[in-house]
Protein chains: 2
Amino acid sequence: MDFSGSAITMAAMAGSEVTDIAAALRQVLPPECVLGRPEERRPYECDGLTAFRELPAVVVLARTAEDVRRTLLTCQRLRVPLVARGSGTGLSGGATPHPAGVLLSCARMNRVLEVDAVNRLARVEPGVPNLKVSEAAARHGLYYAPDPSSQVACSIGGNVAENSGGVHCLKYGLTVHNVLGLRGYTVDGELLELGGAAADGPGLDLLALAIGSEGLLMIVTEVIVRLIPRPPCAQLVMASFADVHSAANAVAGIIAAGIIPAGLEMMDRKATAAVEPFVHAGYDLAAAAILLVESDGTPEEVREQVQEIEQVLRGAGAGAVHVSGSEAERLLLWSGRKNAFPAAGRLSPDYYCMDGTIPRKHVGRVLEAIEQMEDRYGLRCMNVFHAGDGNLHPVILFDANEAGSWERADRFGAEILELCVALGGTITGEHGVGLEKLNSMCVQFSPAERAAFFAVKESFDPQGLLNPGKLIPTLVRCAEYGRMHVHGGALAHPGLPRF
Amino acid sequence: MDFSGSAITMAAMAGSEVTDIAAALRQVLPPECVLGRPEERRPYECDGLTAFRELPAVVVLARTAEDVRRTLLTCQRLRVPLVARGSGTGLSGGATPHPAGVLLSCARMNRVLEVDAVNRLARVEPGVPNLKVSEAAARHGLYYAPDPSSQVACSIGGNVAENSGGVHCLKYGLTVHNVLGLRGYTVDGELLELGGAAADGPGLDLLALAIGSEGLLMIVTEVIVRLIPRPPCAQLVMASFADVHSAANAVAGIIAAGIIPAGLEMMDRKATAAVEPFVHAGYDLAAAAILLVESDGTPEEVREQVQEIEQVLRGAGAGAVHVSGSEAERLLLWSGRKNAFPAAGRLSPDYYCMDGTIPRKHVGRVLEAIEQMEDRYGLRCMNVFHAGDGNLHPVILFDANEAGSWERADRFGAEILELCVALGGTITGEHGVGLEKLNSMCVQFSPAERAAFFAVKESFDPQGLLNPGKLIPTLVRCAEYGRMHVHGGALAHPGLPRF
C-alpha cells in the first residue's frame, strides 16, 4: 500500500508508541472509548474493500463532536495519522486504517438532531444510517433522496466523504446535491460551518469541496441534508433486450426524449442470472440485458411518463415490456438490482465491484470490451449499472485463495477504468477513490491537476495527518505507475479528451 | 478600497512601470489587444457596481485561450495583479480593476464551440452572453436554465465567476448546478480541466470550488454547460396581497405544498409602482405586494400545478389572482420583474441593489425591518426578490451627488445583510462578494472559516495576483470593521446560528 502521502512512516511506529497514543487519548476521552487491544481493533481492519487490510494502532469510538475535536488535537500533537470511519461499507478503501494511526469511528454519533418540515431539511450526526434519515422524515411525507444500495447500513458521514449516489440519483442528484451544510473540525481542532439552511452561500464553495474529500480535509460532526416530498406514486418498467446495444440505445433514447426517470438501471444476463435464484425478482433470464426504468410523481404524471417510456423502449427494440402492478412488485424488482453484489458473493468466493462513468452513448462499446477482457484475464464479470447517468458497476468475480487471481482482477478493473477515461468518462461515479483507485487517478488527471489537489489538501492539512495515502496519488506513485504500465500511462492523454 | 490582499501596493506603481507592463504584454500579444492609453482604459474602470471605480494600468482584450495564458505568465513574471472581466454587468465589484494591474477582458472570446444535443451540453467560450447559449441550443429544443435579469448582456464566464442565479433557479439551480466542466489556466499558466461531460468526477471537487471563486483561483477559457429540454408549456400566475406578511405566507405555503414552481418572485408596492409606468406590465398597483409564480412542463402538468398554486394563493389571502392567457402576456409580466433595476434608475439618480438570502419563513419580518431602516437612513428602498429561495434584492435609492447619501446607502445595505445573517441567511444569493461585501464576510464567517478561504486561495495563487482584495477580507480588515462597527461585529456570533 502507498502511504507516501503520510507524514510519518510505518517504520517510525514501535509498539511502545502505540501504547503512548492510546494513553494520550485516554487522558482526554473516556477510557471505554479508546480501544487498544488487538482483538478490539480487529473489526476495524478493513471497510467494504476487503482486499486491503491494516490493523489500526488505536481505535476511538467518538460519541460527540467534542470527542472528535479532542482526538484531532491529540493526533496533531503526536503527529499521528487519523482515519475516520462511518459504517465501513465503503467500496474503495476510503476507511482502510493507517497501521500507525488512529481509526476514528463515528458510528456512535447516530442521532437525528432535528427534522424541519417547513424548511425541508434534517440536521443529523454523521453516524446516522442513510435510511434512518428518511424514516425520521416519513411522518412529514418527506425523505432523503440519495439511496446507495447499502442504505440500510451506510452512514450519512460516509456518504458525505465519498459523495455517494444511488439508483435515484439520476433524477435527484448525488450527495453533493442533497447536502445543505456541514459542521466539523479541521486537523487543528478549529470549528468549520460550511453552507447551512439558506440557499447558496458566499465565498469559496468549501461545502462542495468538503463533500467527497474522503476525510482528507476535515472531520464532519454534523450534516444538514435536504429533504424532498415523497412522490405520491411510482411505477417501474422492466424491459428485455436481445442484445446490449439495443438496450444501450434505449437508454440514450429515453434521455434524448426529454424524459428524466427516477431511476434508469441496466443489468446484463450474467447479473440477472446471478440475482434471480437468490431474490426471485422475476427477471427475464432469456434477455441479454434488461432495463429497469422508474417514473415517480403524481398518478397523472406517472401514467403519462410510463406511456412515453414504453413507447421509446419498444421503438428501441425491446422484447417483453412489463410495468409493475403494485408497490410490492416495484420493490421486489428493485430488490434484485440492490442485491446484485451480495448475489455475486454467492457465485464466487470473492468479487471486485468497479465504479466508472462514461458518456451514455458508449455503454454498448464498453460492455463489448469488457467481454473481451473476460477472456484475456480468465475471469468472469457481471454488469449492473446506473445506465441513465452512464455509471458502470462491473463486478469481477475472482478467488483470493487462487494464486494470481486477485492480481488479474485488479488489472482487469484498472483496464476497465482506463477505457472509461479514454471514452471521456471518469474512474469513479459514486464509490470514491480511496486506496483502490490511486493509480487510476494518475490516468485521469494531469500533473498540474494533481498538483492542485495536493495544494488544496496541504492548505487544510499541511502535515498530511488526515487519511494519508488516500484519494490523491503522489507524483512518485504516478511516475512508477506510468513506468510499470505504459498502456495506462499512454491513456493519460486519451484520444478522446474530456474537453 | 482594501487591496491588502494584493501582492504589491499601489505605491509601488510608477507611470514608467505601467508602460513596462504594456510593453511586456505587446511582446507576447498582438499590439492591438493591449490598451495602454487612458481614454482606451476608461470604459473598463468599473463594472455594474459603479460606486467603485479604478482605472486599470493596462487592458488586455484576449481573443484566445493562448492570449489568456500569455497574459497570466507575463503578469506573474512582473508580479502584476490581474483582474478578469466578462461583460462588466456584475453588481458586487468583482471586476473592479486594480489600479496597478491588468484588466483582462474576455468579451472577444465569444464563440459557441459545440452544441451536443445527445449529451445535452454546450461547449462555449467565457465571453459568450448567457442568452446566446440558449439561442444556439434552440434548434434542438434545448436551453441553458440560469437566467440572470441581465442575461442579454452578462457573459457565461462572469456567471461562472459569481455563481449567478436568476428567476428560474428555484427549480433549475444556480450556475454551479448547470456547469459540467471548466477549462482554464492557473496563475502559473498551467492548464486545468475540471469536471467534463461525464457525470460526477473523482478527486476533490475543484469544479465547484472554481465556480463562484470570482477570478481568485484561475482564469476560465472554456465552459461546458448543461442544456435541458425547453418545457412545452409555461404559465405565470400573478397574485395580489393586501400586506407583505400574507404574501410571505403564501410563498411558504406553496413550497410546503410540495410545489416547486419554475419561478416564485415577490415585488412590493414600491417596486411595482416604479416598474409599471415604465413597462406597463399590468401589475396591481393597489396591492402591498404581488407574487409571480410560474409553472412549466407538459400542458397537463401545468394545468394541474396552476390549479394547486391558485388554491394555495387564495388560501393565503390573495386578492386578485390572474393567470397569463398567452405567451406574450407571460413574457410581459416577467419583463416587469426583469426591468426592476432599470426602473429604479429612472426614479432615482443612483440605486444600490442588495443581494442577501434568508430562510423563507422570515421574509415578512425582514421587509418590516427594512421599512424601519428607510426612516432611520432617510432613504427609500424598493423590494424585488426571488421569494422561493429566500433571495432578497432590496434596491436602495440614493443620490451620489448629495453629501453623505452614498455612505448612508452603504450602511443601510450592510445592516440589511447583517440581519440576513442573524436570521440564519447569507450575505449574497447570486451577485457575489467582490469588493462590495468584504465587510459583510467578516460578519458571516468566523476567523477559522476565513483562514480556510485564505489557505485555499494561497494554494492556487501564493503571490495573490489574481483579483486581489476581492471576495476574502483580510483578518486586519475584519478587525477594523469589528471596531468601527461593533453592532456588526457582534453579529459575527448571531443569536440564530447557521446550525
# chains A, B, ... in the order shown; residues from 1 in each chain; ligands from 1
call {"tool": "interface_residues", "arguments": {"of": "chain A", "to": "chain B", "cutoff": "6 Å", "atoms": "only C-alpha atoms", "output": "VMD selection string"}}
result
chain A and resid 192 196 198 200 202 204 to 205 209 213 358 to 359 425 428 to 429 449 455 to 456 459 498
call {"tool": "residues_around", "arguments": {"residues": "Asn178 of chain B", "least_positions_apart": "6", "cutoff": "8 Å", "atoms": "only C-alpha atoms", "output": "PyMOL selection string"}}
result
chain B and resi 144-146+225-227
call {"tool": "write_last_selection", "arguments": {"atoms": "all heavy atoms", "output": "short mmCIF file (atom, residue, chain, number, x, y, z; two decimals), in the first residue's frame"}}
result
data_model
loop_
_atom_site.label_atom_id
_atom_site.label_comp_id
_atom_site.auth_asym_id
_atom_site.auth_seq_id
_atom_site.Cartn_x
_atom_site.Cartn_y
_atom_site.Cartn_z
N TYR B 144 -30.26 26.75 -21.84
CA TYR B 144 -29.44 26.85 -20.62
C TYR B 144 -30.28 27.55 -19.56
O TYR B 144 -30.74 28.68 -19.77
CB TYR B 144 -28.16 27.62 -20.93
CG TYR B 144 -27.28 27.88 -19.73
CD1 TYR B 144 -26.69 26.82 -19.05
CD2 TYR B 144 -27.05 29.17 -19.28
CE1 TYR B 144 -25.88 27.05 -17.94
CE2 TYR B 144 -26.24 29.41 -18.17
CZ TYR B 144 -25.66 28.35 -17.50
OH TYR B 144 -24.87 28.58 -16.40
N ALA B 145 -30.49 26.89 -18.41
CA ALA B 145 -31.52 27.34 -17.47
C ALA B 145 -31.22 28.63 -16.70
O ALA B 145 -32.08 29.51 -16.64
CB ALA B 145 -31.85 26.21 -16.50
N PRO B 146 -30.04 28.80 -16.10
CA PRO B 146 -29.85 30.01 -15.27
C PRO B 146 -30.05 31.29 -16.08
O PRO B 146 -29.46 31.44 -17.15
CB PRO B 146 -28.41 29.88 -14.78
CG PRO B 146 -28.12 28.43 -14.81
CD PRO B 146 -28.87 27.92 -16.02
N VAL B 225 -21.56 23.69 -20.43
CA VAL B 225 -22.80 23.90 -19.68
C VAL B 225 -23.79 22.80 -19.99
O VAL B 225 -23.79 22.23 -21.08
CB VAL B 225 -23.45 25.27 -20.01
CG1 VAL B 225 -22.52 26.41 -19.63
CG2 VAL B 225 -23.86 25.34 -21.47
N ARG B 226 -24.63 22.49 -19.00
CA ARG B 226 -25.71 21.53 -19.17
C ARG B 226 -26.86 22.20 -19.91
O ARG B 226 -27.22 23.35 -19.61
CB ARG B 226 -26.19 21.06 -17.81
CG ARG B 226 -27.31 20.04 -17.81
CD ARG B 226 -28.01 19.93 -16.45
NE ARG B 226 -27.06 19.89 -15.34
CZ ARG B 226 -26.39 18.80 -14.98
NH1 ARG B 226 -26.58 17.67 -15.66
NH2 ARG B 226 -25.54 18.83 -13.97
N LEU B 227 -27.43 21.53 -20.90
CA LEU B 227 -28.63 22.03 -21.58
C LEU B 227 -29.81 21.18 -21.15
O LEU B 227 -29.65 19.98 -20.90
CB LEU B 227 -28.45 21.96 -23.10
CG LEU B 227 -27.27 22.73 -23.68
CD1 LEU B 227 -27.14 22.45 -25.17
CD2 LEU B 227 -27.41 24.22 -23.42
#
call {"tool": "residues_around", "arguments": {"residues": "segment 375-386 of chain A", "least_positions_apart": "2", "cutoff": "9 Å", "atoms": "only C-alpha atoms", "output": "PyMOL selection string"}}
result
chain A and resi 166-170+263-272+274+337+340+344+351+355+367+370-373+388-398+405+408-409+411-412
call {"tool": "residues_around", "arguments": {"residues": "Arg79 of chain A", "least_positions_apart": "2", "cutoff": "10 Å", "atoms": "only C-alpha atoms", "output": "NGL selection string"}}
result
:A and (7-8 or 72-77 or 81-82 or 101 or 463-465)
call {"tool": "select_by_dssp", "arguments": {"residues": "segment 321-464 of chain A", "states": "strand (DSSP E)", "output": "list in words"}}
result
Val321, His322, Val323, Asp350, Tyr351, Tyr352, Cys353, Gly356, Thr357, Arg380, Cys381, Met382, Asn383, Val384, Phe385, His386, Asn391, Leu392, His393, Pro394, Val395, Ile396, Leu397 and Phe398 of chain A
call {"tool": "select_by_dssp", "arguments": {"residues": "segment 215-425 of chain B", "states": "helix (DSSP H, G or I)", "output": "JSON, numbers by chain"}}
result
{"B": [244, 245, 246, 247, 248, 249, 250, 251, 252, 253, 254, 255, 256, 269, 270, 271, 272, 273, 274, 275, 276, 277, 278, 279, 299, 300, 301, 302, 303, 304, 305, 306, 307, 308, 309, 310, 311, 312, 313, 314, 315, 327, 328, 329, 330, 331, 332, 333, 334, 335, 336, 337, 338, 340, 341, 342, 343, 344, 345, 346, 347, 360, 361, 362, 363, 364, 365, 366, 367, 368, 369, 370, 371, 372, 373, 374, 375, 376, 377, 387, 388, 389, 405, 406, 407, 408, 409, 410, 411, 412, 413, 414, 415, 416, 417, 418, 419, 420, 421, 422]}
call {"tool": "residues_around", "arguments": {"residues": "Val112 of chain A", "least_positions_apart": "2", "cutoff": "10 Å", "atoms": "only C-alpha atoms", "output": "ChimeraX atom specification"}}
result
/A:109-110,114-115,122-129,132-133,136-137,222-223
call {"tool": "atom_distance", "arguments": {"atom1": "atom CA of Gly282 of chain B", "atom2": "atom CA of Leu332 of chain B"}}
result
8.4 Å
